[in-house]
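What follows is a short report on a single structure.
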Amino acid sequence: LIAIANPNNPTGCIASTDDLLRLAAEVPSAAVLVDEAYFEFYGRSVLERRKECANLFIARTFSKAYGLAGLRLGALVGGADQMSVLRRMCSPYNVNGIALACLSEALNDRVYVEQYVRDVLESRARLERTLENAGITFWPSQANFVLMKAGSTPGAAVEFAERLRKRGVLVRDRSSDFGCEGCVRITLGTRKHTDRLIDALLQTLDELQIPQGAAQS
Ligand SMILES: Cc1ncc(COP(=O)(O)O)c(C=O)c1O
């Protein structure tokens, strides 16, 4: 099994549909799972071209743009014969009835999801502009979060996250992820959340005396 999150977590980077299909075609004996948990914030999917590769599977979740993490709802798409094998192995009760009853309501409420995604995309652009102006290294993102470098040591990320926490803003220390030493991941929300985040972020950068460009390496 080769699993690829697209957009990726925690960087928010993407792989092109052509590259993903080329990879799947190169390894016909492996199952290639493209995890599109953040699809709504990116807008592109391999779904339309799934039939080009029999070994391609696509996963989606209702935990992100739909805000339904507590319901534990997701979807897996693959070729009919592949899916029939998977069905034999998975629990017949892998989705609970109440969650399923909520699903059609959630799918029908397009206005909510579209508005939420618009808010997040606007917030993402605002945060990226703020980081750029402050000279902070970050990874331009296609998801609902941005990974930024708080310093060059794991301690820098802990300190940064703690100072933001004291200001009521929770960010994730991602220092233990491969290649992410000193990095924190900031998840975006509504405009109001972003006003508060940017305020707290600028105060924290100032407090830690991270001058322009100092977090870059
Ligand atoms: C790439 C990716 N896939 C899946 C998930 C989790 O989804 P779920 O809540 O449906 O388990 C996450 C959550 O952080 C994620 O980053």
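Residue numbering restarts at 1 for every chain of the structure tokens, chains are lettered A, B, ... in their displayed order, and ligands are numbered from 1 as they appear.
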- Please, which residues have at least one atom within 6 Å of an atom of ligand 1, using only C-alpha atoms and all ligand atoms, listed as a ChimeraX atom specification? /A:5,9,35,37,61,63,69,72,74
- Query: Among chain A, which ones does DSSP place in strand (DSSP E), written as a ChimeraX atom specification?
  - Reply: /A:2-5,32-35,56-61,74-77,138-139,145-149,172-173,183-187
Could you give me, as JSON lines, a per-residue list for segment 11-78 of chain A showing, wherever an atom lies at most 8 Å from an atom of segment 138-141 of chain A, the closest pair of atoms and their distance in Å to one decimal, using only C-alpha atoms and sorting by chain then residue number from low to high?
{"residue": "A:Thr11", "atom": "CA", "partner": "A:Trp139", "partner_atom": "CA", "distance": 6.1}
{"residue": "A:Gly12", "atom": "CA", "partner": "A:Ser141", "partner_atom": "CA", "distance": 4.2}
{"residue": "A:Cys13", "atom": "CA", "partner": "A:Ser141", "partner_atom": "CA", "distance": 5.7}
Can you write just those residues out, N, CA and C atoms, as a compact mmCIF listing (two decimals), in the first residue's frame?
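Saved file selection37.txt follows:
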# COMPACT_ATOMS: atom_id res chain seq x y z
N THR A 11 2.48 19.90 5.62
CA THR A 11 3.05 21.00 4.82
C THR A 11 2.00 21.74 4.00
N GLY A 12 0.90 21.07 3.64
CA GLY A 12 -0.11 21.70 2.76
C GLY A 12 0.31 21.69 1.30
N CYS A 13 1.46 21.00 0.99
CA CYS A 13 1.93 20.91 -0.40
C CYS A 13 1.08 19.91 -1.18
- Item | Residue contacts of Arg118 of chain A (12 Å, only C-alpha atoms) excluding same-chain residues fewer than 2 positions away, as an MDAnalysis selection string | chainID A and resid 40:43 65 111:116 120:125 144 188:191
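Shortest separation to Gln82 of chain A among A:Phe39, A:Leu127, A:Val117, A:Val32 occurs at residue A:Val32, atoms counted being only C-alpha atoms.
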- Surrounding residues of Phe178 of chain A excluding itself and chain neighbours under 2 positions, 12 Å, only C-alpha atoms, as a PyMOL selection string: chain A and resi 9-11+154+174-176+180-183
- Find the residues near Thr187 of chain A: any atom within 9 Å, counting only C-alpha atoms, skip ones fewer than 4 places away on the same chain, and give them as a list in words. Arg124, Ala143, Asn144, Phe145, Val146, Leu147, Leu170, Val171 and Arg172 of chain A
- Which neighbours of Ala200 of chain A fall inside 9 Å, counting only C-alpha atoms, when residues of the same chain fewer than 2 positions from it are skipped, and could you give them as a PyMOL selection string? chain A and resi 163-164+167-169+195-198+202-205
- Message: To test your reading of the structure, identify every residue in segment 21-126 of chain A that backbone DSSP assigns to alpha helix (DSSP H), and report it as number ranges by chain.
- Response: A: 21-26, 39-42, 80-89, 97-108, 110-126
